[in-house]
There are 2 protein chains.
Amino acid sequence: MFTFGITAQAPATRARAGIFHTPHGDLLTPAFAPVGTQGAVKALTPAQLRDLGASLVLANTYHLYLRPGDALVKELGGLHEFMQWPGPLLTDSGGFQVFSLSDTRKIDDDGVTFKSHIDGSIHRFTPERSIEIQNNLGADIIMAFDECPPPLERGYVELAVKRTHAWAERCRNFHSRTDQALFGIVQGGIFPDLRQQSARFLTALDFPGYAIGGLAVGETKEQMHAMLDCTVPALPENKPRYLMGVGMPEDLVNGVARGIDIFDCVLPTRLARNAAALTRIGRLNMKNAQYARDPGPVEEGCACYCCANFTRAYIRHLIVAEEILAAVLLTMHNVHLLLTLMREMRTAIIDGAFHNYAQSFLQNYRAISSQ
Amino acid sequence: MFTFGITAQAPATRARAGIFHTPHGDLLTPAFAPVGTQGAVKALTPAQLRDLGASLVLANTYHLYLRPGDALVKELGGLHEFMQWPGPLLTDSGGFQVFSLSDTRKIDDDGVTFKSHIDGSIHRFTPERSIEIQNNLGADIIMAFDECPPPLERGYVELAVKRTHAWAERCRNFHSRTDQALFGIVQGGIFPDLRQQSARFLTALDFPGYAIGGLAVGETKEQMHAMLDCTVPALPENKPRYLMGVGMPEDLVNGVARGIDIFDCVLPTRLARNAAALTRIGRLNMKNAQYARDPGPVEEGCACYCCANFTRAYIRHLIVAEEILAAVLLTMHNVHLLLTLMREMRTAIIDGAFHNYAQSFLQNYRAISSQ
């Protein structure tokens, strides 16, 4: 039911274009997944998402388990039906959110007891429980329950890798639905030997895909790239690779160049709600007074609904006036940019032009905008 | 440039179907105008509004004058271009908001000095200034500057009617753009003689359309209906009649039956942002726990995007989880219902079936829902 075919491999980099077949449609890679944490990509309807060209959407197990509850989602036909996303869906394991959002009470080798960030109630996730919840939600791609440690503390990272491996085996043993692909998650902080060890261990478990977790959580960009450079070659060629929680424009290009097929990130949508537009030359703060009378689009040459119709002056007015439409239009723009980048990279890989594309993109892009 | 043709007149009521020609398209009446206070109908894109079948949209002069400023809107091509609404637009005079939102400093026979509700700065509106601002905004239908008094205080209402008449003349004299239709506004509180006097005075000034102001501001529904019953016959047959600030479902039906052609109201969109769905049987609080597992649509039989795709359980989840999409989808539903009602009433008038339609609608509808 899940097969991954490599359409083209770019010379001089690890970039590749592929197709991952899922029960809800083919995922053309490299692909970026907008995040619908609570079963909705913030500020967008599924129709708008579709018009933007989204293929894969991510939802968070931790959030949906707490509210409205995975049993209710199952009762209502599963997450595709509940949120009306007809394409491929991915859920994370809940692990990262348990450690980052909740008041974690106790981690032991069997699982994690934690306090809900919503109402303080006590809950427990084990590898089996995470899979059970993800089975109820019914996404096409689901994740093994892992422990995501602070990436720089070697002692802790070693322990977390060990646990993550034991939990990955338990997830694999517990999961039985054939219409859901369970991905293993490589951990290992910023330590090449731990990353490689983790990649090899998980590869031996023969998952239909592999995620790289625990990055973009405090390390430098150089450290992130170094981890990709040492981890990707230790993963099988013929399986999709998913870099979790990463998705700023420059990260997508750098990730694809290093052999990543799938990305997700909340930043494009979160930044939009905070008045920031992502563009090919960097991030613009659209609330800035310099845009007050600007008759141009948010990004010159962009074909999205926001840029095709509205001026920077109007967008700034909506932001200052606190209109919901500001969030809607900037979310559209930011998601459109990332999805367009992914399509362009795929085409460039197939055309044998990826190396030039990536170089030229990264030369023009300023990760931290001066504007 | 502005002509109003009456297509059909319903027997046994004052309801009529008509077409008001404007420079931005024909307005089929009776019509409901969603409100885009600050140059955006809250939570909807113009494309969504269009898909919902909206024709006329209202924007508020007071708000746009204060922010982003009418000069800027003019510089950017006018309000149609600024907010990308290609159809007919209507702006109010700013009078009502000056009295209801700002800290009003001084009303005199020449105009009103007031404090901005945004930053406390001091501003002054006169009839001429209101028209100048509305000329800059460039809506198809603009309003004479009026004084909207508390409707029950006869002494004050008499004074306000006198001022409103003097100001209507000044607006008429000052306004020169032929691509904008200036409507006079009938005032008179709940006093039939004052309403009739006001209607006759304004009719003599020969406006291309007439608004009825100062209702839905504290009087009972019966008083509102009585005012329509005495005012409408005193207005010319061959000009459109606009009931300002009124637009709950039952008000639309009762208003059309009394000869009103145009309505506007913030409630359908505001209620949507407060989790209330308008339906043909009354108002539903979609946050209510009874909907938590409800697999049905917000309103059975409704063809809107929200009802065609999503369950009450999902909508309630979005509300509880404070997702922007809840406001978007409920706004779509509420606006769709009102626009559908208007279309149905127009068809019923043309088919000679309005009286039955209105009776049957009002029998099923509970203005205050028990749910």
# chains A, B, ... in the order shown; residues from 1 in each chain; ligands from 1
$ residues_around --residues "A:Trp85" --least-positions-apart "3" --cutoff "10 Å" --atoms "only C-alpha atoms" --output "PyMOL selection string"
chain A and resi 24+39-40+45-47+49-50+55-57+79-82+88-89
$ write_last_selection --atoms "N, CA and C atoms" --output "PDB file, in the first residue's frame"
ATOM      1  N   HIS A  24      -4.384   7.854   0.562  1.00  0.00           N
ATOM      2  CA  HIS A  24      -5.116   9.068   0.215  1.00  0.00           C
ATOM      3  C   HIS A  24      -4.418   9.881  -0.870  1.00  0.00           C
ATOM      4  N   GLY A  39      -6.192  19.799  14.066  1.00  0.00           N
ATOM      5  CA  GLY A  39      -7.116  19.320  13.044  1.00  0.00           C
ATOM      6  C   GLY A  39      -7.606  20.436  12.147  1.00  0.00           C
ATOM      7  N   ALA A  40      -6.828  21.513  12.069  1.00  0.00           N
ATOM      8  CA  ALA A  40      -7.138  22.622  11.159  1.00  0.00           C
ATOM      9  C   ALA A  40      -5.860  23.405  10.939  1.00  0.00           C
ATOM     10  N   THR A  45      -9.184  27.263   5.124  1.00  0.00           N
ATOM     11  CA  THR A  45     -10.126  26.170   4.882  1.00  0.00           C
ATOM     12  C   THR A  45      -9.398  25.081   4.087  1.00  0.00           C
ATOM     13  N   PRO A  46      -9.890  23.849   4.158  1.00  0.00           N
ATOM     14  CA  PRO A  46      -9.300  22.797   3.310  1.00  0.00           C
ATOM     15  C   PRO A  46      -9.355  23.171   1.826  1.00  0.00           C
ATOM     16  N   ALA A  47     -10.391  23.871   1.409  1.00  0.00           N
ATOM     17  CA  ALA A  47     -10.485  24.274  -0.005  1.00  0.00           C
ATOM     18  C   ALA A  47      -9.340  25.224  -0.360  1.00  0.00           C
ATOM     19  N   LEU A  49      -6.444  25.400   1.189  1.00  0.00           N
ATOM     20  CA  LEU A  49      -5.211  24.596   1.234  1.00  0.00           C
ATOM     21  C   LEU A  49      -4.997  23.846  -0.074  1.00  0.00           C
ATOM     22  N   ARG A  50      -6.098  23.257  -0.548  1.00  0.00           N
ATOM     23  CA  ARG A  50      -6.058  22.520  -1.798  1.00  0.00           C
ATOM     24  C   ARG A  50      -5.668  23.450  -2.955  1.00  0.00           C
ATOM     25  N   SER A  55      -0.310  19.009  -0.375  1.00  0.00           N
ATOM     26  CA  SER A  55      -0.566  17.575  -0.562  1.00  0.00           C
ATOM     27  C   SER A  55      -0.666  16.907   0.803  1.00  0.00           C
ATOM     28  N   LEU A  56       0.407  16.967   1.566  1.00  0.00           N
ATOM     29  CA  LEU A  56       0.440  16.357   2.896  1.00  0.00           C
ATOM     30  C   LEU A  56       0.146  17.418   3.956  1.00  0.00           C
ATOM     31  N   VAL A  57      -0.678  17.056   4.945  1.00  0.00           N
ATOM     32  CA  VAL A  57      -0.947  17.940   6.085  1.00  0.00           C
ATOM     33  C   VAL A  57      -0.617  17.173   7.366  1.00  0.00           C
ATOM     34  N   LEU A  79      -9.666  11.159  11.107  1.00  0.00           N
ATOM     35  CA  LEU A  79      -9.232  12.550  10.981  1.00  0.00           C
ATOM     36  C   LEU A  79      -9.456  13.124   9.577  1.00  0.00           C
ATOM     37  N   HIS A  80      -9.261  12.298   8.528  1.00  0.00           N
ATOM     38  CA  HIS A  80      -9.512  12.810   7.174  1.00  0.00           C
ATOM     39  C   HIS A  80     -10.931  13.355   7.080  1.00  0.00           C
ATOM     40  N   GLU A  81     -11.869  12.547   7.564  1.00  0.00           N
ATOM     41  CA  GLU A  81     -13.275  12.910   7.490  1.00  0.00           C
ATOM     42  C   GLU A  81     -13.568  14.086   8.433  1.00  0.00           C
ATOM     43  N   PHE A  82     -13.031  14.017   9.643  1.00  0.00           N
ATOM     44  CA  PHE A  82     -13.308  15.026  10.669  1.00  0.00           C
ATOM     45  C   PHE A  82     -12.898  16.419  10.182  1.00  0.00           C
ATOM     46  N   PRO A  88      -3.201  13.036   1.722  1.00  0.00           N
ATOM     47  CA  PRO A  88      -2.417  12.353   2.755  1.00  0.00           C
ATOM     48  C   PRO A  88      -2.323  13.187   4.042  1.00  0.00           C
ATOM     49  N   LEU A  89      -2.391  12.487   5.166  1.00  0.00           N
ATOM     50  CA  LEU A  89      -2.244  13.108   6.487  1.00  0.00           C
ATOM     51  C   LEU A  89      -1.111  12.422   7.231  1.00  0.00           C
TER      52      LEU A  89
END
$ residues_around --residues "stretch 28-36 of chain B" --least-positions-apart "2" --cutoff "8 Å" --atoms "only C-alpha atoms" --output "VMD selection string"
chain B and resid 16 to 20 26 38 to 42 54 to 60 247 256 260 to 266 269 335 338 to 339 342 to 343 345 to 346
$ write_last_selection --atoms "N, CA and C atoms" --output "short mmCIF file (atom, residue, chain, number, x, y, z; two decimals), in the first residue's frame"
data_model
loop_
_atom_site.label_atom_id
_atom_site.label_comp_id
_atom_site.auth_asym_id
_atom_site.auth_seq_id
_atom_site.Cartn_x
_atom_site.Cartn_y
_atom_site.Cartn_z
N ARG B 16 -41.47 44.30 -2.47
CA ARG B 16 -41.26 44.40 -3.92
C ARG B 16 -39.88 43.89 -4.28
N ALA B 17 -39.75 43.43 -5.52
CA ALA B 17 -38.47 43.01 -6.07
C ALA B 17 -38.05 44.07 -7.08
N GLY B 18 -36.76 44.42 -7.06
CA GLY B 18 -36.32 45.47 -7.98
C GLY B 18 -34.88 45.27 -8.42
N ILE B 19 -34.42 46.19 -9.25
CA ILE B 19 -33.01 46.21 -9.66
C ILE B 19 -32.51 47.64 -9.53
N PHE B 20 -31.45 47.82 -8.75
CA PHE B 20 -30.83 49.13 -8.62
C PHE B 20 -29.53 49.07 -9.41
N ASP B 26 -25.40 45.60 -11.08
CA ASP B 26 -26.80 45.67 -10.69
C ASP B 26 -27.01 45.04 -9.32
N GLN B 38 -14.00 47.89 8.44
CA GLN B 38 -12.69 48.50 8.22
C GLN B 38 -12.15 48.18 6.83
N GLY B 39 -13.07 47.93 5.88
CA GLY B 39 -12.62 47.59 4.54
C GLY B 39 -12.36 46.11 4.37
N ALA B 40 -12.98 45.30 5.23
CA ALA B 40 -12.88 43.83 5.10
C ALA B 40 -14.06 43.23 5.85
N VAL B 41 -14.82 42.37 5.21
CA VAL B 41 -15.86 41.63 5.93
C VAL B 41 -15.13 40.63 6.81
N LYS B 42 -15.30 40.74 8.11
CA LYS B 42 -14.44 40.02 9.04
C LYS B 42 -14.42 38.52 8.76
N ALA B 54 -22.74 37.38 -2.36
CA ALA B 54 -22.91 38.76 -1.90
C ALA B 54 -22.90 39.71 -3.09
N SER B 55 -23.71 40.75 -3.02
CA SER B 55 -23.71 41.75 -4.08
C SER B 55 -23.22 43.08 -3.51
N LEU B 56 -23.95 43.62 -2.56
CA LEU B 56 -23.58 44.89 -1.93
C LEU B 56 -22.81 44.63 -0.64
N VAL B 57 -21.74 45.41 -0.42
CA VAL B 57 -20.99 45.35 0.84
C VAL B 57 -20.93 46.74 1.44
N LEU B 58 -21.07 46.82 2.76
CA LEU B 58 -21.03 48.11 3.45
C LEU B 58 -19.69 48.29 4.14
N ALA B 59 -19.18 49.51 4.11
CA ALA B 59 -17.99 49.84 4.89
C ALA B 59 -18.27 51.10 5.69
N ASN B 60 -17.54 51.29 6.79
CA ASN B 60 -17.84 52.40 7.70
C ASN B 60 -16.89 53.57 7.50
N GLY B 247 -30.73 43.34 10.41
CA GLY B 247 -30.44 42.20 9.56
C GLY B 247 -30.50 40.84 10.21
N VAL B 256 -38.80 43.34 4.60
CA VAL B 256 -39.18 43.20 3.19
C VAL B 256 -40.70 43.31 3.05
N ILE B 260 -39.08 47.36 2.50
CA ILE B 260 -37.65 47.69 2.52
C ILE B 260 -36.93 46.91 1.41
N ASP B 261 -35.96 47.59 0.76
CA ASP B 261 -35.23 46.98 -0.35
C ASP B 261 -33.81 46.56 0.02
N ILE B 262 -33.20 47.29 0.96
CA ILE B 262 -31.79 47.07 1.29
C ILE B 262 -31.62 47.04 2.81
N PHE B 263 -30.77 46.13 3.28
CA PHE B 263 -30.48 45.98 4.70
C PHE B 263 -28.96 45.84 4.89
N ASP B 264 -28.51 46.18 6.10
CA ASP B 264 -27.15 45.80 6.49
C ASP B 264 -27.17 45.52 7.97
N CYS B 265 -26.21 44.70 8.43
CA CYS B 265 -26.15 44.42 9.87
C CYS B 265 -24.82 43.72 10.18
N VAL B 266 -24.20 44.08 11.30
CA VAL B 266 -22.97 43.40 11.71
C VAL B 266 -23.25 42.10 12.44
N THR B 269 -22.15 38.42 11.14
CA THR B 269 -20.72 38.15 11.20
C THR B 269 -20.21 38.19 12.64
N VAL B 335 -23.68 34.33 6.80
CA VAL B 335 -23.86 35.21 5.64
C VAL B 335 -24.63 34.47 4.54
N LEU B 338 -28.39 34.46 5.27
CA LEU B 338 -29.09 35.72 5.01
C LEU B 338 -29.19 36.01 3.51
N LEU B 339 -28.11 35.74 2.79
CA LEU B 339 -28.15 35.99 1.34
C LEU B 339 -29.14 35.04 0.67
N MET B 342 -32.64 36.34 1.24
CA MET B 342 -32.96 37.47 0.35
C MET B 342 -33.32 36.98 -1.05
N ARG B 343 -32.54 36.02 -1.54
CA ARG B 343 -32.82 35.46 -2.87
C ARG B 343 -34.17 34.76 -2.89
N MET B 345 -36.72 35.37 -0.96
CA MET B 345 -37.79 36.37 -0.87
C MET B 345 -38.01 37.04 -2.22
N ARG B 346 -36.91 37.34 -2.91
CA ARG B 346 -37.04 37.97 -4.22
C ARG B 346 -37.82 37.07 -5.18
#
$ interface_residues --of "chain A" --to "chain B" --cutoff "8 Å" --atoms "only C-alpha atoms" --output "ChimeraX atom specification"
/A:38,40,42-45,67-68,72,76,82-84,293,295,309-311,314,317-318,321,323-325,328
$ select_by_dssp --residues "stretch 158-254 of chain B" --states "alpha helix (DSSP H)" --output "ChimeraX atom specification"
/B:158-174,192-204,221-231,249-254
$ residues_around --residues "A:Ala275" --least-positions-apart "4" --cutoff "7 Å" --atoms "only C-alpha atoms" --output "list in words"
Leu271, Asn285, Met286, Lys287 and Ile319 of chain A
$ select_by_dssp --residues "stretch 96-181 of chain A" --states "strand (DSSP E or B)" --output "number ranges by chain"
A: 103-107, 112-115, 122-125, 141-143, 181
$ residues_around --residues "A:Ser176" --least-positions-apart "2" --cutoff "12 Å" --atoms "only C-alpha atoms" --output "list in words"
Glu128, Ile131, Glu132, Gln134, Asn135, Ile142, Arg170, Cys171, Arg172, Asn173, Phe174, Thr178, Asp179, Gln180, Ala181 and Leu182 of chain A
